[in-house]
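Participant: My file is target21.csv. It has CSV, C-alpha atoms and all ligand atoms:
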chain,number,residue,atom,x,y,z
N,1,MET,CA,116.2,125.8,121.8
N,2,PRO,CA,114.1,126.4,118.6
N,3,ALA,CA,117.2,127.5,116.6
N,4,ASP,CA,119.1,124.4,117.8
N,5,VAL,CA,116.3,122.1,116.7
N,6,THR,CA,116.1,123.6,113.3
N,7,TRP,CA,119.8,123.1,112.9
N,8,ARG,CA,119.6,119.5,114.0
N,9,LEU,CA,117.0,118.7,111.4
N,10,ASN,CA,119.0,120.6,108.8
N,11,ASN,CA,121.0,118.1,106.8
N,12,GLU,CA,120.8,117.1,103.2
N,13,HIS,CA,118.4,114.3,104.0
N,14,ALA,CA,116.2,116.1,106.2
N,15,THR,CA,113.4,117.7,104.4
N,16,PRO,CA,112.0,118.4,107.9
N,17,THR,CA,114.2,121.4,107.7
N,18,GLN,CA,111.9,123.1,105.2
N,19,LEU,CA,109.1,122.2,107.5
N,20,GLY,CA,109.9,125.2,109.7
N,21,ILE,CA,108.9,123.5,112.9
N,22,ARG,CA,109.4,125.8,115.8
N,23,TYR,CA,109.6,123.3,118.7
N,24,PRO,CA,110.8,119.7,118.5
N,25,ILE,CA,107.4,118.4,119.8
N,26,PHE,CA,105.6,116.1,117.5
N,27,LEU,CA,102.1,114.8,117.9
N,28,ALA,CA,102.2,111.0,117.2
N,29,PRO,CA,99.8,109.9,114.5
N,30,MET,CA,97.2,107.8,116.2
N,31,ALA,CA,94.5,106.1,114.1
N,32,GLY,CA,91.1,106.7,115.6
N,33,ILE,CA,92.5,109.4,118.0
N,34,THR,CA,94.1,112.2,116.0
N,35,THR,CA,91.7,114.7,114.3
N,36,PRO,CA,92.2,117.7,112.0
N,37,GLU,CA,91.5,119.9,115.0
N,38,LEU,CA,94.1,118.3,117.3
N,39,ALA,CA,96.7,118.2,114.5
N,40,SER,CA,96.2,121.8,113.5
N,41,LEU,CA,96.4,123.1,117.1
N,42,VAL,CA,99.7,121.3,117.6
N,43,CYS,CA,101.0,122.9,114.4
N,44,GLU,CA,99.7,126.4,115.4
N,45,ALA,CA,101.5,126.0,118.7
N,46,GLY,CA,104.8,125.4,116.9
N,47,GLY,CA,105.0,121.6,117.0
N,48,LEU,CA,104.3,119.1,114.2
N,49,GLY,CA,100.8,117.9,114.0
N,50,ALA,CA,99.8,114.4,112.7
N,51,LEU,CA,97.0,112.4,111.3
N,52,GLY,CA,96.8,108.6,111.8
N,53,LEU,CA,95.1,107.4,108.7
N,54,GLY,CA,96.1,103.7,108.8
N,55,ALA,CA,92.5,102.6,109.3
N,56,SER,CA,91.1,105.0,106.7
N,57,ASP,CA,90.1,104.5,103.1
N,58,ALA,CA,91.2,107.0,100.5
N,59,CYS,CA,88.0,109.1,100.7
N,60,HIS,CA,88.3,109.6,104.5
N,61,ALA,CA,92.1,110.1,104.3
N,62,GLU,CA,91.6,112.9,101.7
N,63,ALA,CA,88.8,114.5,103.7
N,64,ALA,CA,91.0,114.5,106.8
N,65,ILE,CA,94.0,116.0,105.1
N,66,ASN,CA,91.9,118.6,103.3
N,67,ALA,CA,90.2,119.6,106.6
N,68,THR,CA,93.6,119.9,108.4
N,69,GLN,CA,95.0,122.0,105.5
N,70,ARG,CA,92.0,124.3,105.9
N,71,LEU,CA,92.7,124.7,109.6
N,72,THR,CA,96.4,125.4,109.3
N,73,SER,CA,98.9,126.4,106.6
N,74,LYS,CA,101.7,124.8,108.7
N,75,PRO,CA,103.2,121.4,107.9
N,76,PHE,CA,101.9,118.1,109.4
N,77,GLN,CA,102.6,114.4,109.1
N,78,VAL,CA,100.2,111.8,107.8
N,79,ASN,CA,100.6,108.1,108.6
N,80,PHE,CA,99.7,104.8,107.1
N,81,PHE,CA,100.2,101.1,107.9
N,82,CYS,CA,102.5,98.8,106.0
N,83,HIS,CA,101.8,95.4,107.6
N,84,ARG,CA,102.6,92.4,105.5
N,85,VAL,CA,99.3,91.2,104.1
N,86,ALA,CA,98.5,87.5,104.7
N,87,PRO,CA,95.2,85.8,104.0
N,88,LEU,CA,93.3,84.6,107.0
N,89,ASP,CA,94.2,81.1,108.0
N,90,PRO,CA,90.8,79.5,108.3
N,91,GLN,CA,91.9,77.1,111.0
N,92,LYS,CA,93.4,79.8,113.2
N,93,GLY,CA,90.4,82.0,112.6
N,94,GLN,CA,88.0,79.2,113.6
N,95,ALA,CA,90.1,78.4,116.8
N,96,TRP,CA,90.2,82.0,117.8
N,97,ARG,CA,86.4,82.4,117.2
N,98,GLU,CA,85.8,79.4,119.4
N,99,TYR,CA,88.2,80.6,122.1
N,100,LEU,CA,86.4,84.0,122.2
N,101,ALA,CA,82.9,82.4,122.3
N,102,PRO,CA,82.6,82.4,126.1
N,103,PHE,CA,83.5,86.1,126.2
N,104,PHE,CA,80.8,86.9,123.6
N,105,ALA,CA,78.4,84.6,125.6
N,106,ARG,CA,78.9,86.9,128.6
N,107,PHE,CA,76.9,89.4,126.6
N,108,GLN,CA,74.3,86.9,125.2
N,109,GLN,CA,75.8,86.7,121.7
N,110,PRO,CA,77.5,84.0,119.6
N,111,THR,CA,80.9,84.9,118.1
N,112,PRO,CA,80.4,86.5,114.6
N,113,THR,CA,80.7,83.9,111.8
N,114,THR,CA,82.7,86.0,109.4
N,115,LEU,CA,86.2,87.4,110.1
N,116,SER,CA,87.5,90.0,107.7
N,117,ALA,CA,90.2,92.6,107.8
N,118,PRO,CA,88.8,95.9,109.1
N,119,TYR,CA,91.2,97.9,106.9
N,120,ARG,CA,93.9,97.5,104.2
N,121,ALA,CA,97.7,98.1,104.1
N,122,PHE,CA,98.9,101.2,102.3
N,123,ASP,CA,100.1,99.2,99.2
N,124,GLU,CA,96.8,97.3,99.0
N,125,ASP,CA,95.0,100.5,98.1
N,126,PRO,CA,96.6,102.4,95.3
N,127,ALA,CA,94.1,105.2,95.8
N,128,LEU,CA,95.9,106.1,99.1
N,129,LEU,CA,99.1,107.0,97.2
N,130,GLU,CA,97.0,109.0,94.8
N,131,VAL,CA,95.6,111.0,97.7
N,132,ILE,CA,99.1,111.7,99.0
N,133,LEU,CA,100.3,112.8,95.6
N,134,ALA,CA,97.3,115.1,95.2
N,135,THR,CA,97.2,116.6,98.7
N,136,ARG,CA,100.9,116.8,99.2
N,137,PRO,CA,101.2,116.6,103.0
N,138,ALA,CA,104.6,117.8,104.3
N,139,VAL,CA,105.6,114.3,105.5
N,140,VAL,CA,104.2,110.8,105.1
N,141,SER,CA,105.2,108.3,107.7
N,142,PHE,CA,104.7,104.5,107.9
N,143,HIS,CA,104.1,102.0,110.7
N,144,PHE,CA,105.0,98.3,110.5
N,145,GLY,CA,107.6,98.8,107.8
N,146,LEU,CA,107.8,100.6,104.4
N,147,PRO,CA,105.7,100.3,101.3
N,148,SER,CA,107.0,98.9,98.0
N,149,THR,CA,110.0,100.4,96.2
N,150,ALA,CA,107.7,101.6,93.5
N,151,THR,CA,105.7,103.6,96.0
N,152,LEU,CA,108.8,105.0,97.6
N,153,ARG,CA,110.1,106.0,94.2
N,154,ALA,CA,106.8,107.8,93.5
N,155,LEU,CA,107.1,109.7,96.8
N,156,ARG,CA,110.7,110.7,96.0
N,157,GLN,CA,109.8,111.8,92.5
N,158,ALA,CA,107.0,113.9,94.0
N,159,LYS,CA,109.5,115.3,96.6
N,160,ILE,CA,107.3,114.2,99.5
N,161,PRO,CA,109.6,113.1,102.4
N,162,TYR,CA,108.8,109.9,104.2
N,163,TRP,CA,109.6,108.5,107.6
N,164,VAL,CA,109.1,105.2,109.3
N,165,SER,CA,108.9,104.0,112.9
N,166,VAL,CA,111.7,101.7,113.9
N,167,THR,CA,112.4,99.6,117.0
N,168,ARG,CA,116.0,98.4,116.3
N,169,LEU,CA,119.1,99.3,114.4
N,170,SER,CA,118.6,96.9,111.5
N,171,GLU,CA,115.2,98.5,110.8
N,172,ALA,CA,116.7,102.0,111.0
N,173,ARG,CA,119.6,101.2,108.7
N,174,TYR,CA,117.2,99.7,106.2
N,175,ALA,CA,115.0,102.9,106.5
N,176,GLU,CA,118.1,105.0,105.7
N,177,GLU,CA,119.0,102.8,102.7
N,178,GLN,CA,115.4,103.2,101.4
N,179,GLY,CA,115.6,107.0,101.4
N,180,CYS,CA,113.7,107.9,104.6
N,181,SER,CA,114.3,111.5,105.6
N,182,ALA,CA,114.1,110.6,109.3
N,183,VAL,CA,113.2,107.7,111.5
N,184,ILE,CA,110.9,107.6,114.5
N,185,ALA,CA,112.6,105.5,117.1
N,186,GLN,CA,109.8,103.8,119.0
N,187,GLY,CA,110.9,102.5,122.4
N,188,ILE,CA,109.1,99.6,124.2
N,189,GLU,CA,107.3,102.1,126.5
N,190,ALA,CA,105.3,103.4,123.6
N,191,GLY,CA,101.5,103.2,123.5
N,192,GLY,CA,99.8,101.4,120.7
N,193,HIS,CA,101.2,98.9,118.3
N,194,ARG,CA,104.8,97.9,118.3
N,195,ALA,CA,106.2,99.2,115.0
N,196,THR,CA,108.4,96.2,114.4
N,197,PHE,CA,108.5,95.3,110.7
N,198,ASP,CA,108.1,91.6,111.7
N,199,PRO,CA,105.5,91.3,114.5
N,200,LEU,CA,107.2,88.2,115.9
N,201,CYS,CA,110.6,89.9,116.3
N,202,GLU,CA,110.7,92.1,119.3
N,203,ALA,CA,114.1,93.7,120.3
N,204,GLY,CA,112.5,95.0,123.5
N,205,LEU,CA,114.6,98.2,123.6
N,206,GLY,CA,113.5,101.1,125.8
N,207,THR,CA,113.3,104.6,124.3
N,208,THR,CA,116.6,105.7,125.8
N,209,GLU,CA,118.4,102.5,125.0
N,210,LEU,CA,117.1,102.5,121.4
N,211,LEU,CA,118.3,106.0,120.8
N,212,GLY,CA,121.7,105.0,122.1
N,213,HIS,CA,121.8,102.2,119.6
N,214,LEU,CA,120.8,104.4,116.6
N,215,ILE,CA,122.8,107.6,117.2
N,216,PRO,CA,126.3,106.4,116.3
N,217,HIS,CA,125.1,104.7,113.1
N,218,LEU,CA,122.5,107.0,111.4
N,219,LYS,CA,123.0,110.1,109.3
N,220,ILE,CA,119.3,111.0,109.2
N,221,PRO,CA,117.5,112.7,112.1
N,222,ILE,CA,116.0,110.5,114.8
N,223,ILE,CA,112.6,111.3,116.4
N,224,SER,CA,112.3,109.7,119.8
N,225,ALA,CA,109.0,108.1,120.9
N,226,GLY,CA,107.7,106.1,123.8
N,227,GLY,CA,106.6,107.0,127.3
N,228,ILE,CA,107.3,110.7,126.9
N,229,VAL,CA,104.8,113.0,128.6
N,230,ASN,CA,106.6,116.1,129.7
N,231,GLY,CA,109.1,118.7,128.5
N,232,GLN,CA,111.9,117.4,130.8
N,233,GLN,CA,111.7,114.1,129.0
N,234,ILE,CA,111.7,115.8,125.6
N,235,GLU,CA,114.8,117.7,126.6
N,236,ALA,CA,116.5,114.5,127.8
N,237,CYS,CA,115.9,113.0,124.3
N,238,LEU,CA,117.4,116.0,122.6
N,239,THR,CA,120.4,116.0,124.9
N,240,GLN,CA,121.0,112.4,124.0
N,241,GLY,CA,120.9,113.3,120.3
N,242,ALA,CA,117.3,113.0,119.1
N,243,SER,CA,116.1,115.8,116.7
N,244,ALA,CA,112.6,115.8,118.2
N,245,ALA,CA,110.2,113.8,120.4
N,246,GLN,CA,106.9,112.3,119.3
N,247,LEU,CA,104.2,112.1,122.0
N,248,GLY,CA,101.1,110.0,121.6
N,249,THR,CA,99.4,109.1,124.9
N,250,ALA,CA,100.0,112.6,126.3
N,251,PHE,CA,97.6,114.0,123.7
N,252,ILE,CA,94.8,111.4,124.0
N,253,PRO,CA,92.9,113.2,126.8
N,254,CYS,CA,92.9,116.5,124.8
N,255,ARG,CA,89.3,117.6,124.1
N,256,GLU,CA,90.2,117.8,120.4
N,257,SER,CA,91.1,114.1,120.1
N,258,ALA,CA,88.6,111.5,119.0
N,259,ALA,CA,88.9,109.5,122.2
N,260,SER,CA,85.6,108.1,123.4
N,261,GLU,CA,84.3,109.1,126.9
N,262,ALA,CA,85.1,105.6,128.1
N,263,VAL,CA,88.7,105.8,127.0
N,264,ARG,CA,89.1,109.3,128.7
N,265,GLN,CA,87.7,107.9,131.9
N,266,ARG,CA,90.0,104.9,131.9
N,267,LEU,CA,93.0,107.2,131.2
N,268,ARG,CA,92.1,109.2,134.3
N,269,VAL,CA,92.5,106.3,136.6
N,270,ALA,CA,94.9,104.0,134.8
N,271,LYS,CA,98.3,103.2,136.4
N,272,GLU,CA,99.4,100.2,134.4
N,273,THR,CA,99.9,99.3,130.8
N,274,GLN,CA,100.9,96.1,129.2
N,275,ILE,CA,101.8,94.7,125.8
N,276,THR,CA,99.6,91.9,124.4
N,277,ASP,CA,98.9,90.6,120.9
N,278,VAL,CA,95.5,89.2,121.6
N,279,ILE,CA,93.5,92.3,120.8
N,280,SER,CA,94.6,93.0,117.2
N,281,GLY,CA,96.9,90.1,116.4
N,282,ARG,CA,100.0,92.3,116.7
N,283,PRO,CA,101.8,93.3,119.9
N,284,ALA,CA,100.5,96.6,121.3
N,285,ARG,CA,100.6,98.4,124.6
N,286,GLY,CA,97.4,99.4,126.3
N,287,ILE,CA,95.7,99.9,129.7
N,288,VAL,CA,95.5,96.6,131.5
N,289,GLY,CA,92.0,95.1,131.5
N,290,PRO,CA,90.2,91.9,130.6
N,291,TRP,CA,92.2,91.5,127.3
N,292,GLN,CA,95.5,91.3,129.1
N,293,GLN,CA,94.1,89.5,132.3
N,294,ASP,CA,91.6,87.0,130.9
N,295,VAL,CA,91.8,86.6,127.2
N,296,ASP,CA,95.7,86.5,127.1
N,297,HIS,CA,95.7,83.2,129.1
N,298,PRO,CA,98.7,81.0,129.0
N,299,ARG,CA,96.7,78.2,127.5
N,300,ARG,CA,95.0,80.2,124.8
N,301,PRO,CA,95.3,79.2,121.1
N,302,GLU,CA,97.2,81.2,118.6
N,303,HIS,CA,95.2,84.3,117.7
N,304,ALA,CA,93.8,84.8,114.2
N,305,GLY,CA,96.6,87.2,113.0
N,306,TYR,CA,96.6,90.9,112.2
N,307,PRO,CA,94.3,92.6,111.5
N,308,TYR,CA,91.8,89.8,111.6
N,309,SER,CA,91.8,89.4,115.4
N,310,TYR,CA,91.2,93.1,115.6
N,311,ALA,CA,87.8,92.7,113.8
N,312,LEU,CA,86.6,90.4,116.6
N,313,ALA,CA,88.0,92.6,119.3
N,314,LYS,CA,86.2,95.6,118.0
N,315,GLN,CA,82.9,93.6,117.9
N,316,LEU,CA,83.3,92.3,121.4
N,317,ALA,CA,84.1,95.8,122.7
N,318,LYS,CA,81.0,97.2,121.0
N,319,LEU,CA,78.8,94.4,122.3
N,320,ALA,CA,80.2,94.8,125.9
N,321,SER,CA,79.6,98.5,125.8
N,322,GLN,CA,76.0,97.9,124.9
N,323,TYR,CA,75.8,96.1,128.3
N,324,GLY,CA,77.5,99.0,130.0
N,325,ASN,CA,80.9,97.3,130.2
N,326,VAL,CA,83.6,99.5,128.7
N,327,GLU,CA,86.6,97.4,129.9
N,328,TYR,CA,86.8,95.6,126.5
N,329,GLU,CA,87.2,98.9,124.6
N,330,VAL,CA,90.6,99.0,123.1
N,331,CYS,CA,92.6,101.6,125.1
N,332,TRP,CA,96.1,101.8,123.7
N,333,ALA,CA,98.4,103.9,126.0
N,334,GLY,CA,102.1,104.1,126.8
N,335,SER,CA,103.9,103.7,130.1
N,336,GLY,CA,103.6,107.4,130.9
N,337,VAL,CA,99.8,107.0,131.5
N,338,ALA,CA,99.9,107.7,135.2
N,339,HIS,CA,101.5,111.1,134.5
N,340,LEU,CA,99.0,112.6,132.0
N,341,ARG,CA,97.9,116.2,132.3
N,342,HIS,CA,94.4,116.0,130.9
N,343,LEU,CA,94.6,119.4,129.2
N,344,ASP,CA,93.3,120.7,125.9
N,345,ALA,CA,95.8,120.7,123.1
N,346,GLY,CA,96.7,124.4,123.3
N,347,PRO,CA,97.4,124.5,127.0
N,348,LEU,CA,99.2,121.2,126.8
N,349,MET,CA,101.6,122.5,124.1
N,350,THR,CA,102.2,125.7,126.2
N,351,GLN,CA,103.1,123.5,129.2
N,352,LEU,CA,105.4,121.2,127.2
N,353,ILE,CA,107.1,124.2,125.6
N,354,ALA,CA,107.6,125.9,129.0
N,355,GLU,CA,109.0,122.7,130.5
N,356,LEU,CA,111.3,122.1,127.6
N,357,THR,CA,112.6,125.7,127.6
N,358,ALA,CA,113.1,125.7,131.3
N,359,SER,CA,115.0,122.4,131.3
N,360,ALA,CA,117.1,123.5,128.3
N,361,ASN,CA,118.4,126.6,130.1
X,1,LIG,C1,96.1,105.3,120.8
X,1,LIG,C2,97.3,105.1,120.0
X,1,LIG,C3,97.2,104.9,118.7
X,1,LIG,C4,98.3,104.8,117.9
X,1,LIG,N1,98.2,104.7,116.5
X,1,LIG,C5,99.3,104.8,115.7
X,1,LIG,C6,99.1,104.9,114.3
X,1,LIG,O1,98.0,104.8,113.8
X,1,LIG,N2,100.3,105.0,113.6
X,1,LIG,C7,101.5,105.0,114.1
X,1,LIG,O2,102.5,105.1,113.4
X,1,LIG,N3,101.7,105.0,115.5
X,1,LIG,C8,100.6,104.8,116.3
X,1,LIG,N4,100.7,104.8,117.6
X,1,LIG,C9,102.1,104.8,118.2
X,1,LIG,C10,102.6,106.2,118.2
X,1,LIG,O3,103.0,106.6,116.9
X,1,LIG,C11,103.9,106.4,119.2
X,1,LIG,O4,104.8,105.4,118.8
X,1,LIG,C12,103.5,106.3,120.6
X,1,LIG,O5,102.3,106.9,120.9
X,1,LIG,C13,104.6,106.8,121.5
X,1,LIG,O6,104.4,106.4,122.8
X,1,LIG,P1,103.5,107.2,123.8
X,1,LIG,O7,102.1,106.9,123.5
X,1,LIG,O8,104.0,106.7,125.1
X,1,LIG,O9,103.8,108.7,123.7
X,1,LIG,C14,99.6,104.9,118.4
X,1,LIG,C15,99.7,105.1,119.8
X,1,LIG,C16,98.6,105.2,120.6
X,1,LIG,C17,98.8,105.5,122.1
Just give me the structure of the file as structure tokens.
Ligand SMILES: Cc1cc2nc3c(=O)[nH]c(=O)nc-3n(C[C@H](O)[C@H](O)[C@H](O)COP(=O)(O)O)c2cc1C

Facilitator:
Amino acid sequence: MPADVTWRLNNEHATPTQLGIRYPIFLAPMAGITTPELASLVCEAGGLGALGLGASDACHAEAAINATQRLTSKPFQVNFFCHRVAPLDPQKGQAWREYLAPFFARFQQPTPTTLSAPYRAFDEDPALLEVILATRPAVVSFHFGLPSTATLRALRQAKIPYWVSVTRLSEARYAEEQGCSAVIAQGIEAGGHRATFDPLCEAGLGTTELLGHLIPHLKIPIISAGGIVNGQQIEACLTQGASAAQLGTAFIPCRESAASEAVRQRLRVAKETQITDVISGRPARGIVGPWQQDVDHPRRPEHAGYPYSYALAKQLAKLASQYGNVEYEVCWAGSGVAHLRHLDAGPLMTQLIAELTASAN
């Protein structure tokens, strides 16, 4: 199995070849969840670790990359957001604040008066590119599209490979044209934000279906993601033609993740997940709770847009938790949530590798 994987990643585009990854098991970059400890343990176990730095400023991103490089000499992936930046529409912002007012009132507070983006897109902060060029992570990946052609040129000149998450063939073809070394094919089962370049344009393809759409048309390696929680599923992706599988939700319960105690508890009992855009302003899959059941009402106004809505969601979640209500805490998770192992990163990797090896033989 390991030799086969190395071979599959080994084409002229695929700088992953030089990554020397032993097993085709990739930790998904998850902003707010992945840590240097988690990333390095996945690397040391023979997979590809990842840092989700989309919500980080340059200072934090640099510190996280340096910390991971201190913990492992093996390659890992770092990830940033490339959402199209639009100013807040004041009317939409006002309507959304008014709509959420009764939810804030449940916890004796008015809705906050200001609404600002909690973080910036990769191209909005040139210092992030500087950090990448200085720290030279093995791979940089992007979510919600790609950065500017100038940024991509700078990465190519620096010989730093870049990947992007895609949800349909047209995005994948564009990624290949733009010099991506690989694509992450994110199926609809995936936890967290839909990677669609345009948030209003959802192809709705499942992980298996999406892979089937991409394989006949792409020359670059495809990394499959969405709802994968065990080695048998990883092997199924490889058999279908993926070069590797990227798992997010499976790693959230690991002790080494940054998940809060409330998120860990909800993951233990959760059975159902659902996609909604009311939390952040972009469609994302998470554990079903009041956001999906109450806030996402058929008669609600349009939300304030991404990432402005997210700022309000985080404030409501914080307020609710002060009253002992953790149901509003954002709990992104994929459709495999009912089958999580709740192991630490090392034992989880051992189990995934054993299952993968057994099902490949
Ligand atoms: C909690 C959480 C946070 C995520 N954050 C990011 C992120 O920052 N960047 C990114 O590219 N993908 C992010 N994703 C999506 C993952 O990259 C991946 O597509 C997804 O985890 C795969 O589905 P799974 O969770 O069912 O394994 C996140 C997913 C989750 C569950």

Participant: Would you list the residues that come within 6 Å of ligand LIG 1 (chain X)? Count all atoms listed in the file and give the answer as a list in words.

Facilitator: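 Using all atoms listed in the file, everything at most 6 Å from ligand LIG 1 (chain X) comes to Ala28, Pro29, Met30, Ala31, Gly52, Gly54, Asn79, Phe142, His143, Gln186, Glu189, Ala190, Gly191, Gly192, His193, Ala225, Gly226, Gly227, Ile228, Leu247, Gly248, Thr249, Trp332, Ala333, Gly334, Ser335 and Gly336 of chain N.
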
Participant: Would you kindly return, as a PyMOL selection string, each protein, DNA or RNA residue with an atom no farther than 10 Å from any atom of Leu152 in chain N, considering all atoms listed in the file and excluding same-chain residues fewer than 6 positions away?

Facilitator: chain N and resi 129+146+158+160-162+178-180

Participant: Find the residues around range 196-212 of chain N up to 9 Å (only C-alpha atoms counted), leave out those fewer than 4 positions away in its own chain, and share them as JSON, numbers by chain.

Facilitator: {"N": [82, 83, 84, 143, 144, 145, 146, 165, 166, 167, 168, 169, 171, 185, 186, 187, 188, 189, 190, 216, 222, 223, 224, 225, 226, 227, 228, 237, 240, 241, 242, 281, 282, 283]}

Participant: With C-alpha atoms kept, could you save the residues just selected as a PDB file, in the coordinates of the input?

Facilitator:
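Wrote it out as part19.pdb, contents follow:
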ATOM      1  CA  CYS N  82     102.500  98.800 106.000  1.00  0.00           C
ATOM      2  CA  HIS N  83     101.800  95.400 107.600  1.00  0.00           C
ATOM      3  CA  ARG N  84     102.600  92.400 105.500  1.00  0.00           C
ATOM      4  CA  HIS N 143     104.100 102.000 110.700  1.00  0.00           C
ATOM      5  CA  PHE N 144     105.000  98.300 110.500  1.00  0.00           C
ATOM      6  CA  GLY N 145     107.600  98.800 107.800  1.00  0.00           C
ATOM      7  CA  LEU N 146     107.800 100.600 104.400  1.00  0.00           C
ATOM      8  CA  SER N 165     108.900 104.000 112.900  1.00  0.00           C
ATOM      9  CA  VAL N 166     111.700 101.700 113.900  1.00  0.00           C
ATOM     10  CA  THR N 167     112.400  99.600 117.000  1.00  0.00           C
ATOM     11  CA  ARG N 168     116.000  98.400 116.300  1.00  0.00           C
ATOM     12  CA  LEU N 169     119.100  99.300 114.400  1.00  0.00           C
ATOM     13  CA  GLU N 171     115.200  98.500 110.800  1.00  0.00           C
ATOM     14  CA  ALA N 185     112.600 105.500 117.100  1.00  0.00           C
ATOM     15  CA  GLN N 186     109.800 103.800 119.000  1.00  0.00           C
ATOM     16  CA  GLY N 187     110.900 102.500 122.400  1.00  0.00           C
ATOM     17  CA  ILE N 188     109.100  99.600 124.200  1.00  0.00           C
ATOM     18  CA  GLU N 189     107.300 102.100 126.500  1.00  0.00           C
ATOM     19  CA  ALA N 190     105.300 103.400 123.600  1.00  0.00           C
ATOM     20  CA  PRO N 216     126.300 106.400 116.300  1.00  0.00           C
ATOM     21  CA  ILE N 222     116.000 110.500 114.800  1.00  0.00           C
ATOM     22  CA  ILE N 223     112.600 111.300 116.400  1.00  0.00           C
ATOM     23  CA  SER N 224     112.300 109.700 119.800  1.00  0.00           C
ATOM     24  CA  ALA N 225     109.000 108.100 120.900  1.00  0.00           C
ATOM     25  CA  GLY N 226     107.700 106.100 123.800  1.00  0.00           C
ATOM     26  CA  GLY N 227     106.600 107.000 127.300  1.00  0.00           C
ATOM     27  CA  ILE N 228     107.300 110.700 126.900  1.00  0.00           C
ATOM     28  CA  CYS N 237     115.900 113.000 124.300  1.00  0.00           C
ATOM     29  CA  GLN N 240     121.000 112.400 124.000  1.00  0.00           C
ATOM     30  CA  GLY N 241     120.900 113.300 120.300  1.00  0.00           C
ATOM     31  CA  ALA N 242     117.300 113.000 119.100  1.00  0.00           C
ATOM     32  CA  GLY N 281      96.900  90.100 116.400  1.00  0.00           C
ATOM     33  CA  ARG N 282     100.000  92.300 116.700  1.00  0.00           C
ATOM     34  CA  PRO N 283     101.800  93.300 119.900  1.00  0.00           C
TER      35      PRO N 283
END

Participant: Just want the 12 Å neighbourhood of Pro87 in chain N, counted on all atoms listed in the file, with same-chain residues fewer than 6 positions away dropped. Output as a PyMOL selection string.

Facilitator: chain N and resi 93+115-117+120+304-308

Participant: What does the distance between CA of Gly324 in chain N and CA of Val269 in chain N come to in Å, to one decimal place?

Facilitator: 17.9 Å

Participant: May I ask which of the residues N:Ile184, N:Ala311, N:Ala63, N:Ile275 is the closest one to Ala244 in chain N, counting only C-alpha atoms?

Facilitator: N:Ile184

Participant: Looking at N:Leu48, N:Ala55, N:Val131, N:Leu27, which one is nearest to Pro118 in chain N, with distances taken over only C-alpha atoms?

Facilitator: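 Of N:Leu48, N:Ala55, N:Val131, N:Leu27, the one nearest Pro118 in chain N, counting only C-alpha atoms, is N:Ala55.
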
Participant: Which residue gives the smallest distance to Ala39 in chain N among N:Tyr310, N:Phe251, N:Trp163, N:Tyr328, with all atoms listed in the file counted?

Facilitator: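 Of N:Tyr310, N:Phe251, N:Trp163, N:Tyr328, the one nearest Ala39 in chain N, counting all atoms listed in the file, is N:Phe251.
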
Participant: I'd like the contact shell of range 132-137 of chain N - 9 Å cut-off, only C-alpha atoms, skipping same-chain residues fewer than 3 positions apart - returned as a list in words.

Facilitator: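 Those residues are Ala61, Glu62, Ile65, Asn66, Gln69, Pro75, Phe76, Gln77, Val78, Ala127, Leu128, Leu129, Val140, Ala154, Leu155, Ala158 and Ile160 of chain N.
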
Participant: Would you compute the distance between CA of Arg173 in chain N and CA of Ser141 in chain N? Give it in Å to one decimal.

Facilitator: 16.1 Å
